[in-house]
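Novice: Got a structure for you, final-v7.cif, holding mmCIF, C-alpha atoms (C1' of nucleotides).
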data_coords
#
loop_
_atom_site.label_atom_id
_atom_site.label_comp_id
_atom_site.auth_asym_id
_atom_site.auth_seq_id
_atom_site.Cartn_x
_atom_site.Cartn_y
_atom_site.Cartn_z
CA MET A 1 21.33 2.37 17.47
CA ALA A 2 21.37 2.86 21.22
CA ARG A 3 18.63 0.41 22.03
CA GLN A 4 16.10 1.61 24.56
CA GLY A 5 14.29 -1.62 25.46
CA LEU A 6 11.07 -0.64 23.76
CA THR A 7 8.22 -3.05 24.42
CA ARG A 8 5.07 -3.93 22.52
CA GLY A 9 3.13 -2.16 25.26
CA ASP A 10 5.10 1.05 24.78
CA ILE A 11 4.26 1.05 21.10
CA ILE A 12 0.55 0.48 21.69
CA ALA A 13 0.52 3.23 24.31
CA ALA A 14 2.26 5.63 21.95
CA ALA A 15 -0.19 4.74 19.18
CA ILE A 16 -3.15 5.50 21.46
CA LYS A 17 -1.59 8.80 22.47
CA MET A 18 -0.89 9.76 18.87
CA ILE A 19 -4.38 8.81 17.65
CA GLU A 20 -5.98 10.82 20.45
CA SER A 21 -3.87 13.92 19.82
CA GLU A 22 -3.46 13.91 16.04
CA GLY A 23 -6.63 12.13 14.98
CA LEU A 24 -7.12 8.71 13.51
CA HIS A 25 -6.86 10.16 10.04
CA ASN A 26 -3.37 11.53 10.60
CA PHE A 27 -1.96 8.41 12.12
CA SER A 28 1.00 6.81 10.37
CA LEU A 29 3.61 4.25 11.31
CA ARG A 30 6.47 6.48 10.25
CA GLU A 31 5.34 9.33 12.49
CA LEU A 32 4.68 6.88 15.32
CA ALA A 33 8.18 5.47 14.92
CA SER A 34 9.64 8.95 14.87
CA ARG A 35 7.99 9.74 18.19
CA LEU A 36 9.56 6.63 19.66
CA HIS A 37 12.92 7.63 18.16
CA ILE A 38 13.15 4.57 15.96
CA LYS A 39 12.60 3.83 12.28
CA ALA A 40 9.29 2.60 10.95
CA ALA A 41 10.70 -0.79 10.00
CA SER A 42 11.76 -1.38 13.61
CA LEU A 43 8.13 -1.38 14.69
CA TYR A 44 7.78 -4.72 12.98
CA ASN A 45 9.93 -6.34 15.64
CA HIS A 46 7.01 -5.79 18.02
CA ILE A 47 3.89 -5.88 15.87
CA ARG A 48 2.89 -7.99 12.92
CA ASN A 49 1.42 -5.10 10.93
CA MET A 50 -0.69 -1.99 11.20
CA ASP A 51 -3.96 -3.88 11.47
CA GLU A 52 -2.73 -5.73 14.52
CA LEU A 53 -1.63 -2.51 16.19
CA TYR A 54 -4.98 -1.02 15.31
CA THR A 55 -6.74 -3.98 16.88
CA GLU A 56 -4.76 -3.57 20.08
CA VAL A 57 -5.79 0.07 20.27
CA GLY A 58 -9.34 -1.16 19.76
CA PHE A 59 -9.10 -3.50 22.73
CA TYR A 60 -7.92 -0.62 24.86
CA ALA A 61 -10.77 1.56 23.63
CA ILE A 62 -13.38 -1.09 24.32
CA SER A 63 -12.07 -1.66 27.84
CA GLU A 64 -12.14 2.08 28.51
CA LEU A 65 -15.70 2.36 27.24
CA LYS A 66 -16.76 -0.61 29.33
CA LYS A 67 -15.13 0.88 32.41
CA ALA A 68 -16.95 4.19 31.89
CA GLN A 69 -20.26 2.42 31.41
CA LEU A 70 -19.97 0.13 34.43
CA GLY A 71 -18.89 3.04 36.60
CA ALA A 72 -21.91 5.02 35.50
CA ILE A 73 -24.56 2.43 36.30
CA ALA A 74 -23.09 1.30 39.64
CA GLY A 75 -25.78 1.40 42.31
CA LYS A 76 -28.50 2.54 39.90
CA ARG A 77 -31.61 0.71 38.73
CA ARG A 78 -34.02 0.73 35.79
CA GLY A 79 -34.56 4.08 34.11
CA GLU A 80 -31.92 5.78 36.18
CA ALA A 81 -29.35 3.17 35.17
CA VAL A 82 -30.31 3.40 31.49
CA GLU A 83 -29.99 7.17 31.52
CA ALA A 84 -26.65 7.05 33.31
CA LEU A 85 -25.37 4.53 30.77
CA ALA A 86 -26.50 6.67 27.88
CA ASP A 87 -24.82 9.69 29.44
CA ALA A 88 -21.56 7.83 29.93
CA TYR A 89 -21.64 6.55 26.38
CA HIS A 90 -22.33 10.02 25.02
CA ARG A 91 -19.59 11.57 27.11
CA PHE A 92 -17.09 8.97 25.94
CA GLY A 93 -17.94 9.66 22.31
CA LYS A 94 -17.59 13.39 22.75
CA GLU A 95 -14.50 13.46 24.93
CA ARG A 96 -12.54 10.81 23.09
CA PRO A 97 -13.89 10.92 19.54
CA GLU A 98 -10.82 9.47 17.86
CA ILE A 99 -10.61 6.51 20.20
CA TYR A 100 -14.34 6.00 19.78
CA LYS A 101 -13.88 5.90 16.01
CA VAL A 102 -11.39 3.08 16.43
CA ILE A 103 -14.06 0.95 18.10
CA LEU A 104 -16.47 1.65 15.26
CA SER A 105 -14.06 0.62 12.57
CA LEU A 106 -12.95 -2.61 14.18
CA PRO A 107 -13.58 -5.50 11.81
CA MET A 108 -16.00 -7.44 14.01
CA VAL A 109 -16.24 -10.06 11.33
CA LYS A 110 -13.40 -12.48 10.69
CA ASN A 111 -11.55 -11.75 13.95
CA ASP A 112 -12.51 -13.93 16.91
CA ALA A 113 -10.71 -11.82 19.49
CA ILE A 114 -12.52 -8.67 18.44
CA HIS A 115 -15.78 -10.56 18.30
CA ARG A 116 -15.28 -11.66 21.88
CA ALA A 117 -14.34 -8.12 22.94
CA GLY A 118 -17.66 -7.00 21.52
CA PHE A 119 -19.33 -8.60 24.51
CA ASP A 120 -17.60 -6.05 26.73
CA ILE A 121 -19.73 -3.37 25.14
CA VAL A 122 -22.91 -5.38 25.45
CA GLU A 123 -22.37 -6.42 29.06
CA PRO A 124 -23.02 -3.04 30.75
CA ILE A 125 -26.14 -2.56 28.63
CA MET A 126 -27.49 -5.90 29.71
CA ALA A 127 -26.67 -4.98 33.32
CA ALA A 128 -28.51 -1.68 33.06
CA MET A 129 -31.62 -3.47 31.77
CA ALA A 130 -31.38 -6.27 34.32
CA ASP A 131 -34.00 -4.82 36.63
CA TYR A 132 -36.65 -4.76 33.96
CA HIS A 133 -38.71 -7.91 33.77
CA LEU A 134 -37.88 -8.97 30.26
CA THR A 135 -37.44 -12.24 28.42
CA GLY A 136 -34.01 -13.22 27.16
CA ALA A 137 -35.00 -12.62 23.56
CA GLN A 138 -36.39 -9.20 24.41
CA MET A 139 -33.14 -8.21 26.07
CA MET A 140 -31.15 -9.25 23.02
CA HIS A 141 -33.33 -7.17 20.74
CA LEU A 142 -33.44 -4.19 23.08
CA GLN A 143 -29.70 -4.20 23.58
CA ARG A 144 -29.25 -3.92 19.82
CA ILE A 145 -31.76 -1.11 19.67
CA PHE A 146 -30.13 0.79 22.49
CA ARG A 147 -26.72 0.50 20.89
CA SER A 148 -28.19 1.67 17.59
CA ILE A 149 -29.65 4.77 19.18
CA LEU A 150 -26.48 5.65 21.08
CA HIS A 151 -24.08 4.96 18.27
CA GLY A 152 -26.29 6.47 15.59
CA PHE A 153 -26.76 9.64 17.54
CA ILE A 154 -23.14 10.13 18.53
CA SER A 155 -21.67 9.40 15.13
CA GLN A 156 -24.07 11.76 13.38
CA GLU A 157 -23.52 14.46 15.95
CA GLU A 158 -19.77 14.03 15.52
CA ALA A 159 -20.12 14.19 11.74
CA GLY A 160 -21.99 17.48 12.04
CA CYS A 161 -25.29 16.07 10.75
CA PHE A 162 -27.31 17.71 13.49
CA ARG A 163 -26.65 21.32 12.63
CA GLN A 164 -29.54 21.68 10.26
CA TYR A 165 -32.00 22.72 12.92
CA PRO A 166 -31.77 25.13 15.82
CA VAL A 167 -33.10 22.86 18.58
CA ASP A 168 -30.67 21.76 21.29
CA VAL A 169 -28.79 18.53 20.56
CA GLY A 170 -28.71 17.57 24.23
CA ASP A 171 -32.50 17.79 24.34
CA SER A 172 -32.74 15.49 21.33
CA TYR A 173 -30.50 12.97 23.06
CA ARG A 174 -32.50 13.00 26.28
CA MET A 175 -35.69 12.57 24.28
CA ALA A 176 -34.17 9.58 22.46
CA VAL A 177 -33.19 7.93 25.72
CA ARG A 178 -36.60 8.65 27.19
CA GLY A 179 -38.12 7.00 24.12
CA PHE A 180 -36.02 3.93 24.66
CA ILE A 181 -37.13 3.71 28.29
CA LEU A 182 -40.69 3.95 27.03
CA LEU A 183 -40.03 0.95 24.81
CA LEU A 184 -38.47 -0.89 27.74
CA GLU A 185 -41.56 -0.35 29.87
CA ASN A 186 -43.81 -1.31 27.00
CA SER A 187 -41.86 -4.52 26.39
CA GLU A 188 -42.10 -5.31 30.08
CA LYS A 189 -45.89 -5.14 29.86
CA GLU A 190 -45.95 -7.34 26.77
CA ALA A 191 -43.74 -9.91 28.47
CA HIS A 192 -46.20 -10.24 31.31
CA ALA A 193 -49.43 -10.05 29.39
CA MET B 194 -3.62 9.81 -26.56
CA ALA B 195 -6.53 9.52 -28.95
CA ARG B 196 -8.81 11.77 -27.00
CA GLN B 197 -12.24 10.39 -26.29
CA GLY B 198 -14.11 13.46 -25.12
CA LEU B 199 -14.33 12.34 -21.52
CA THR B 200 -16.55 14.56 -19.38
CA ARG B 201 -16.68 15.28 -15.68
CA GLY B 202 -19.93 13.33 -15.56
CA ASP B 203 -18.30 10.29 -17.11
CA ILE B 204 -15.65 10.30 -14.44
CA ILE B 205 -18.13 10.62 -11.61
CA ALA B 206 -20.22 7.82 -13.08
CA ALA B 207 -17.18 5.58 -13.40
CA ALA B 208 -16.20 6.39 -9.81
CA ILE B 209 -19.65 5.40 -8.57
CA LYS B 210 -19.50 2.19 -10.54
CA MET B 211 -16.06 1.34 -9.25
CA ILE B 212 -16.94 2.10 -5.62
CA GLU B 213 -20.04 -0.06 -5.85
CA SER B 214 -18.24 -3.01 -7.40
CA GLU B 215 -14.84 -2.89 -5.73
CA GLY B 216 -15.70 -1.30 -2.42
CA LEU B 217 -14.92 2.14 -1.09
CA HIS B 218 -11.76 0.76 0.50
CA ASN B 219 -10.31 -0.40 -2.80
CA PHE B 220 -11.00 2.78 -4.69
CA SER B 221 -8.02 4.57 -6.18
CA LEU B 222 -7.55 7.26 -8.79
CA ARG B 223 -5.02 5.23 -10.73
CA GLU B 224 -7.37 2.28 -11.08
CA LEU B 225 -10.24 4.61 -11.93
CA ALA B 226 -8.11 6.25 -14.62
CA SER B 227 -7.10 2.86 -15.95
CA ARG B 228 -10.75 1.89 -16.37
CA LEU B 229 -11.31 5.08 -18.36
CA HIS B 230 -8.21 4.31 -20.44
CA ILE B 231 -6.39 7.43 -19.34
CA LYS B 232 -3.60 8.20 -16.87
CA ALA B 233 -4.32 9.27 -13.30
CA ALA B 234 -2.94 12.75 -13.85
CA SER B 235 -5.44 13.34 -16.64
CA LEU B 236 -8.29 13.08 -14.16
CA TYR B 237 -7.21 16.43 -12.81
CA ASN B 238 -8.41 18.12 -15.98
CA HIS B 239 -11.94 17.33 -14.82
CA ILE B 240 -11.79 17.28 -11.04
CA ARG B 241 -9.92 19.41 -8.55
CA ASN B 242 -8.88 16.49 -6.36
CA MET B 243 -10.07 13.23 -4.84
CA ASP B 244 -12.13 14.92 -2.16
CA GLU B 245 -14.14 16.78 -4.74
CA LEU B 246 -14.81 13.60 -6.70
CA TYR B 247 -15.77 11.93 -3.46
CA THR B 248 -18.19 14.74 -2.70
CA GLU B 249 -19.80 14.38 -6.12
CA VAL B 250 -20.33 10.69 -5.49
CA GLY B 251 -21.87 11.70 -2.18
CA PHE B 252 -24.36 13.99 -3.90
CA TYR B 253 -25.38 11.14 -6.14
CA ALA B 254 -25.74 8.82 -3.15
CA ILE B 255 -27.88 11.30 -1.23
CA SER B 256 -30.16 11.86 -4.20
CA GLU B 257 -30.56 8.12 -4.65
CA LEU B 258 -31.39 7.65 -0.99
CA LYS B 259 -33.87 10.50 -1.10
CA LYS B 260 -35.52 9.01 -4.19
CA ALA B 261 -35.87 5.62 -2.49
CA GLN B 262 -37.34 7.20 0.61
CA LEU B 263 -39.85 9.42 -1.18
CA GLY B 264 -40.95 6.51 -3.35
CA ALA B 265 -41.51 4.39 -0.28
CA ILE B 266 -43.76 6.80 1.59
CA ALA B 267 -45.83 7.93 -1.39
CA GLY B 268 -49.51 7.60 -0.53
CA LYS B 269 -48.87 6.37 3.00
CA ARG B 270 -49.65 8.03 6.30
CA ARG B 271 -48.48 7.98 9.90
CA GLY B 272 -47.17 4.61 11.16
CA GLU B 273 -47.41 3.03 7.76
CA ALA B 274 -45.33 5.82 6.23
CA VAL B 275 -42.73 5.64 9.00
CA GLU B 276 -42.38 1.89 8.60
CA ALA B 277 -42.11 2.16 4.85
CA LEU B 278 -39.44 4.82 5.19
CA ALA B 279 -37.46 2.70 7.64
CA ASP B 280 -37.72 -0.27 5.28
CA ALA B 281 -36.50 1.76 2.33
CA TYR B 282 -33.60 3.13 4.34
CA HIS B 283 -32.65 -0.33 5.53
CA ARG B 284 -32.87 -1.77 2.06
CA PHE B 285 -30.69 1.00 0.67
CA GLY B 286 -28.03 0.38 3.30
CA LYS B 287 -28.02 -3.35 2.66
CA GLU B 288 -28.22 -3.30 -1.11
CA ARG B 289 -25.75 -0.48 -1.70
CA PRO B 290 -23.49 -0.58 1.34
CA GLU B 291 -20.51 1.08 -0.31
CA ILE B 292 -22.53 3.98 -1.64
CA TYR B 293 -24.19 4.28 1.76
CA LYS B 294 -20.76 4.51 3.40
CA VAL B 295 -19.94 7.45 1.18
CA ILE B 296 -22.88 9.37 2.61
CA LEU B 297 -21.76 8.60 6.14
CA SER B 298 -18.25 9.85 5.61
CA LEU B 299 -19.18 13.10 3.91
CA PRO B 300 -17.69 16.02 5.80
CA MET B 301 -20.93 17.76 6.71
CA VAL B 302 -18.94 20.41 8.45
CA LYS B 303 -16.98 23.00 6.49
CA ASN B 304 -18.71 22.32 3.17
CA ASP B 305 -21.83 24.34 2.46
CA ALA B 306 -22.94 22.29 -0.52
CA ILE B 307 -22.86 19.07 1.45
CA HIS B 308 -24.59 20.76 4.33
CA ARG B 309 -27.39 21.79 2.02
CA ALA B 310 -27.58 18.30 0.55
CA GLY B 311 -28.12 17.03 4.07
CA PHE B 312 -31.62 18.44 3.90
CA ASP B 313 -32.41 15.94 1.18
CA ILE B 314 -32.08 13.18 3.73
CA VAL B 315 -34.17 15.02 6.30
CA GLU B 316 -36.97 15.96 3.94
CA PRO B 317 -38.54 12.52 3.47
CA ILE B 318 -38.42 11.92 7.21
CA MET B 319 -40.25 15.15 7.87
CA ALA B 320 -42.78 14.17 5.23
CA ALA B 321 -43.37 10.78 6.80
CA MET B 322 -44.06 12.41 10.17
CA ALA B 323 -46.23 15.14 8.68
CA ASP B 324 -49.50 13.48 9.61
CA TYR B 325 -48.66 13.34 13.27
CA HIS B 326 -49.79 16.38 15.21
CA LEU B 327 -46.44 17.60 16.42
CA THR B 328 -44.85 20.94 17.14
CA GLY B 329 -41.98 22.15 14.96
CA ALA B 330 -39.44 21.60 17.71
CA GLN B 331 -40.72 18.09 18.32
CA MET B 332 -40.34 17.23 14.66
CA MET B 333 -36.75 18.47 14.66
CA HIS B 334 -35.88 16.34 17.65
CA LEU B 335 -37.74 13.29 16.39
CA GLN B 336 -36.16 13.51 12.99
CA ARG B 337 -32.74 13.35 14.60
CA ILE B 338 -33.80 10.41 16.72
CA PHE B 339 -35.19 8.51 13.76
CA ARG B 340 -32.03 9.05 11.76
CA SER B 341 -29.98 7.91 14.74
CA ILE B 342 -31.93 4.68 15.02
CA LEU B 343 -31.78 3.94 11.30
CA HIS B 344 -28.16 4.84 10.81
CA GLY B 345 -27.00 3.28 14.06
CA PHE B 346 -28.72 0.03 13.31
CA ILE B 347 -27.60 -0.29 9.73
CA SER B 348 -23.98 0.62 10.33
CA GLN B 349 -23.66 -1.79 13.24
CA GLU B 350 -25.38 -4.53 11.31
CA GLU B 351 -23.04 -3.89 8.39
CA ALA B 352 -20.02 -3.95 10.70
CA GLY B 353 -21.09 -7.35 12.03
CA CYS B 354 -21.85 -6.09 15.53
CA PHE B 355 -25.16 -7.92 15.74
CA ARG B 356 -23.87 -11.45 15.53
CA GLN B 357 -23.40 -11.90 19.23
CA TYR B 358 -26.91 -13.17 19.83
CA PRO B 359 -29.09 -15.65 18.00
CA VAL B 360 -32.26 -13.54 17.69
CA ASP B 361 -33.29 -12.38 14.23
CA VAL B 362 -31.84 -9.04 13.13
CA GLY B 363 -34.95 -8.18 11.12
CA ASP B 364 -37.07 -8.62 14.26
CA SER B 365 -34.78 -6.24 16.13
CA TYR B 366 -35.19 -3.66 13.41
CA ARG B 367 -38.98 -3.90 13.34
CA MET B 368 -39.01 -3.59 17.13
CA ALA B 369 -36.84 -0.48 16.93
CA VAL B 370 -39.16 1.13 14.39
CA ARG B 371 -42.19 0.18 16.48
CA GLY B 372 -40.48 1.82 19.44
CA PHE B 373 -40.01 5.01 17.46
CA ILE B 374 -43.67 5.04 16.46
CA LEU B 375 -44.51 4.63 20.13
CA LEU B 376 -42.44 7.73 20.86
CA LEU B 377 -44.19 9.57 18.02
CA GLU B 378 -47.60 8.78 19.48
CA ASN B 379 -46.45 9.71 22.93
CA SER B 380 -45.06 13.03 21.72
CA GLU B 381 -48.35 13.70 19.97
CA LYS B 382 -50.18 13.33 23.26
CA GLU B 383 -47.72 15.62 25.05
CA ALA B 384 -48.12 18.26 22.35
CA HIS B 385 -51.86 18.39 22.92
CA ALA B 386 -51.95 18.11 26.70
"C1'" DT C 387 33.19 -15.74 27.58
"C1'" DC C 388 30.59 -17.31 24.01
"C1'" DT C 389 26.15 -17.90 21.81
"C1'" DG C 390 21.69 -16.82 20.41
"C1'" DA C 391 17.98 -13.92 20.47
"C1'" DA C 392 16.01 -9.43 20.44
"C1'" DA C 393 16.03 -4.85 18.74
"C1'" DA C 394 17.55 -1.71 16.02
"C1'" DC C 395 19.23 -0.36 11.34
"C1'" DT C 396 19.48 0.61 5.85
"C1'" DA C 397 17.63 0.01 1.44
"C1'" DA C 398 14.18 -0.99 -1.31
"C1'" DC C 399 9.40 -2.05 -3.37
"C1'" DA C 400 4.86 -1.15 -4.67
"C1'" DG C 401 1.36 1.60 -3.84
"C1'" DT C 402 -1.09 6.27 -2.92
"C1'" DG C 403 -2.64 11.41 -4.26
"C1'" DT C 404 -0.84 15.26 -6.53
"C1'" DT C 405 1.77 18.89 -9.37
"C1'" DA C 406 4.51 20.88 -13.25
"C1'" DG C 407 5.42 21.06 -17.67
"C1'" DT C 408 4.51 19.49 -22.45
"C1'" DA C 409 2.26 17.76 -26.56
"C1'" DT C 410 -1.84 17.17 -29.29
"C1'" DA C 411 -6.38 17.28 -30.81
"C1'" DT C 412 -10.58 19.82 -31.13
"C1'" DT C 413 -13.26 23.97 -31.39
"C1'" DG C 414 -14.40 28.80 -32.29
"C1'" DT C 415 -13.21 32.78 -34.85
"C1'" DA C 416 -11.27 35.83 -38.27
"C1'" DT D 417 -9.96 27.81 -44.93
"C1'" DA D 418 -6.28 29.15 -41.65
"C1'" DC D 419 -5.11 30.52 -37.07
"C1'" DA D 420 -5.49 30.95 -32.25
"C1'" DA D 421 -7.24 29.31 -28.04
"C1'" DT D 422 -8.88 25.86 -25.22
"C1'" DA D 423 -9.50 21.34 -23.56
"C1'" DT D 424 -7.67 16.95 -23.08
"C1'" DA D 425 -4.29 13.96 -22.78
"C1'" DC D 426 0.57 12.81 -21.72
"C1'" DT D 427 5.32 11.96 -19.06
"C1'" DA D 428 8.03 12.58 -15.15
"C1'" DA D 429 8.50 13.48 -10.75
"C1'" DC D 430 7.60 14.35 -5.58
"C1'" DA D 431 6.33 13.14 -1.08
"C1'" DC D 432 3.97 10.22 1.27
"C1'" DT D 433 2.07 5.36 2.75
"C1'" DG D 434 2.70 0.22 4.69
"C1'" DT D 435 5.79 -3.47 4.30
"C1'" DT D 436 9.81 -6.84 3.52
"C1'" DA D 437 14.68 -8.54 3.24
"C1'" DG D 438 18.90 -8.53 4.86
"C1'" DT D 439 22.36 -6.64 8.15
"C1'" DT D 440 24.32 -4.88 12.27
"C1'" DT D 441 24.39 -4.18 17.11
"C1'" DT D 442 23.30 -4.86 21.77
"C1'" DC D 443 21.98 -7.48 25.56
"C1'" DA D 444 21.00 -11.67 28.44
"C1'" DG D 445 21.63 -16.43 29.75
"C1'" DA D 446 24.49 -20.70 29.75
#
Could you render the structure as structure tokens?
Specialist:
Amino acid sequence: MARQGLTRGDIIAAAIKMIESEGLHNFSLRELASRLHIKAASLYNHIRNMDELYTEVGFYAISELKKAQLGAIAGKRRGEAVEALADAYHRFGKERPEIYKVILSLPMVKNDAIHRAGFDIVEPIMAAMADYHLTGAQMMHLQRIFRSILHGFISQEEAGCFRQYPVDVGDSYRMAVRGFILLLENSEKEAHA
Amino acid sequence: MARQGLTRGDIIAAAIKMIESEGLHNFSLRELASRLHIKAASLYNHIRNMDELYTEVGFYAISELKKAQLGAIAGKRRGEAVEALADAYHRFGKERPEIYKVILSLPMVKNDAIHRAGFDIVEPIMAAMADYHLTGAQMMHLQRIFRSILHGFISQEEAGCFRQYPVDVGDSYRMAVRGFILLLENSEKEAHA
DNA sequence: TCTGAAAACTAACAGTGTTAGTATATTGTA
DNA sequence: TACAATATACTAACACTGTTAGTTTTCAGA
């Protein structure tokens, strides 16, 4: 029909918009195509398949998360930086849950590009811990632990797993972050003992 | 055809078996029906829909996880109990990843039965922490934090997110658990200050 | 102006969960 | 033992999914 010069970028942008508004679960190529006023089959002129489109959305999501994290820790050091990072991460997960889910479900294995993008998530964490006097190995372990805490907390909160008890969820989160800082300080002592 | 007296329990059991062997992703009602030598539509004589079947599998998964956890902490106290619980949880996630995924994706919200089943996961954690001298509120927070660490770690490990650095993943896990025990001890001091 | 590529189309395939309506086998009861 | 009711299975179909093949149309560069 009346061609509208649709680009690959337009399609990715529309996919992001649709996932954010309708939820990852309700995403479909036919509905996406409909929003772009084309047929589903026409999407394949721009993307190889749904997985590829999904991966592109993932790259966007990772870059957004990285941006939020780096912005949060700018000019901060040690505990303050760690807390700011945790806050930014938490805020991202709560404000953009569907986009956050895309990151989680990216197939880190078997895809080199995604694997490389994974470093974009690690980088701000490493930066936030930079002012602690830690060994390289310690930082690698602690970065994994920090990510586990953040991701574990957010995904369970999102899933509604934290409604069993009346205590404030925000308080739990702050306590978790404080616990991690405790471990950071403890590791610092061990490194210089 | 030649009716075989298939029960609801048979179907749930077959679903569990199929999910464990073929992966949650490859599960389908038609294939499940085929394995039971019936047609897909016949499944609806025993289950309301796929979600309900899924929920039943989730109940099984939760009870299995609970069993593993309670068995692990039996006769142990404090740090030893916490470490044993973490080990059992980790082992469950690694040995039965597909069944574990079912638990994660259960819609805790909006379903009372699932919500109640959620307590089965919390219970062993509370038991493991019982010998620490903590307030009720502290235990509620710490239980959330422990679950966050365990779940966050296992799901990221499973997703292949921990391959970016060469340090041993088992070491990271032990360090995370040690960090949580540190927080437990610290909270104990605060409670009695 | 012609050619070739890019971008759209239609039609179809194989797969999904699900429902309606129908036949048959088993079970409980008169 | 015969009959009615229930449970279990069936077939056929619907609406949806991602995806491919083959075809037309539009646009841009030589």
Novice: Please expand the PyMOL selection byres ((chain B) within 10 of (chain C)) into the concrete residues it hits in this file, giving the result as number ranges by chain.
Specialist: B: 194-196, 198, 221-223, 233-234, 237, 242-243
Novice: Provide as a ChimeraX atom specification the residues of chain D at most 8 Å from chain B, counting only C-alpha atoms (C1' of nucleotides).
Specialist: /D:424-426
Novice: What does the distance from CA of Asp131 (chain A) to CA of Ala72 (chain A) come to in Å, to one decimal?
Specialist: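 Going from CA of Asp131 (chain A) over to CA of Ala72 (chain A) covers 15.6 Å.
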Novice: Would you mind listing, as a PyMOL selection string, all residues of chain B that have at least one atom within 8 Å of chain A, where only C-alpha atoms are what counts?
Specialist: chain B and resi 298-302+308+311-312+330+333-335+337-338+340-346+349+352-355+357-358+360+362+364-366+368-369+372-373+375-376
Novice: So which one's closest to Leu278 (chain B), B:Glu291, B:Glu381, B:Asp305, B:Glu316? Using all atoms listed in the file, please.
Specialist: B:Glu316
Novice: Can you work out the spacing between CA of Asp203 (chain B) and CA of Leu246 (chain B) in Å, to one decimal?
Specialist: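 Interatomic distance, CA of Asp203 (chain B) to CA of Leu246 (chain B): 11.5 Å.
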Novice: How many Å lie between CA of Gly23 (chain A) and CA of Ala86 (chain A), rounded to one decimal?
Specialist: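 Separation of CA of Gly23 (chain A) and CA of Ala86 (chain A): 24.3 Å.
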Novice: Please work out which residues fall within 12 Å of (0.2, 2.4, 22.7), coordinates as given in the file, with only C-alpha atoms (C1' of nucleotides) counting, and return them as a ChimeraX atom specification.
Specialist: /A:6-20,32-33,35-36,43,46-47,52-61,99
Novice: Mind checking which residues fall within 12 Å of His385 (chain B), counting only C-alpha atoms (C1' of nucleotides), ignoring those fewer than 5 positions away in the same chain, and posting them as a PyMOL selection string?
Specialist: chain B and resi 325-328+378-380
Novice: So which residues touch region 266-268 of chain B within 12 Å, counting only C-alpha atoms (C1' of nucleotides), skipping near sequence neighbours fewer than 6 positions away, as a PyMOL selection string?
Specialist: chain B and resi 259-260+274-282+316-324
Novice: Counting all atoms listed in the file, figure out which residue out of A:Ser21, A:Asn111, A:Asp51, A:Glu190 gets nearest to DG434 (chain D).
Specialist: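 For DG434 (chain D), the nearest of the given residues is A:Asp51.
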Novice: Mind writing chain C to a file for me, with C-alpha atoms (C1' of nucleotides), as an mmCIF file, in the first residue's frame?
Specialist:
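Saved to decode-v1.cif:
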data_model
loop_
_atom_site.group_PDB
_atom_site.id
_atom_site.type_symbol
_atom_site.label_atom_id
_atom_site.label_comp_id
_atom_site.auth_asym_id
_atom_site.auth_seq_id
_atom_site.Cartn_x
_atom_site.Cartn_y
_atom_site.Cartn_z
ATOM 1 C "C1'" DT C 387 13.776 6.473 -18.404
ATOM 2 C "C1'" DC C 388 14.852 2.124 -17.047
ATOM 3 C "C1'" DT C 389 16.389 -1.071 -13.534
ATOM 4 C "C1'" DG C 390 16.840 -3.015 -9.165
ATOM 5 C "C1'" DA C 391 16.015 -2.893 -4.536
ATOM 6 C "C1'" DA C 392 13.110 -1.987 -0.696
ATOM 7 C "C1'" DA C 393 8.680 -2.172 1.354
ATOM 8 C "C1'" DA C 394 4.431 -3.409 1.344
ATOM 9 C "C1'" DC C 395 0.872 -6.972 0.237
ATOM 10 C "C1'" DT C 396 -2.068 -11.708 0.177
ATOM 11 C "C1'" DA C 397 -2.428 -16.387 1.287
ATOM 12 C "C1'" DA C 398 -1.168 -19.999 3.704
ATOM 13 C "C1'" DC C 399 0.953 -23.274 7.312
ATOM 14 C "C1'" DA C 400 1.628 -25.198 11.664
ATOM 15 C "C1'" DG C 401 1.129 -24.362 16.088
ATOM 16 C "C1'" DT C 402 -1.382 -22.628 20.485
ATOM 17 C "C1'" DG C 403 -5.483 -22.652 24.196
ATOM 18 C "C1'" DT C 404 -10.274 -23.198 24.295
ATOM 19 C "C1'" DT C 405 -15.428 -24.150 23.550
ATOM 20 C "C1'" DA C 406 -19.658 -26.549 21.863
ATOM 21 C "C1'" DG C 407 -21.833 -30.395 20.908
ATOM 22 C "C1'" DT C 408 -21.914 -35.504 20.709
ATOM 23 C "C1'" DA C 409 -21.055 -40.328 21.657
ATOM 24 C "C1'" DT C 410 -19.868 -43.939 24.843
ATOM 25 C "C1'" DA C 411 -18.611 -46.309 28.816
ATOM 26 C "C1'" DT C 412 -19.073 -46.759 33.692
ATOM 27 C "C1'" DT C 413 -21.486 -46.324 37.984
ATOM 28 C "C1'" DG C 414 -25.351 -45.943 41.217
ATOM 29 C "C1'" DT C 415 -30.092 -46.842 41.904
ATOM 30 C "C1'" DA C 416 -34.695 -48.669 41.438
#
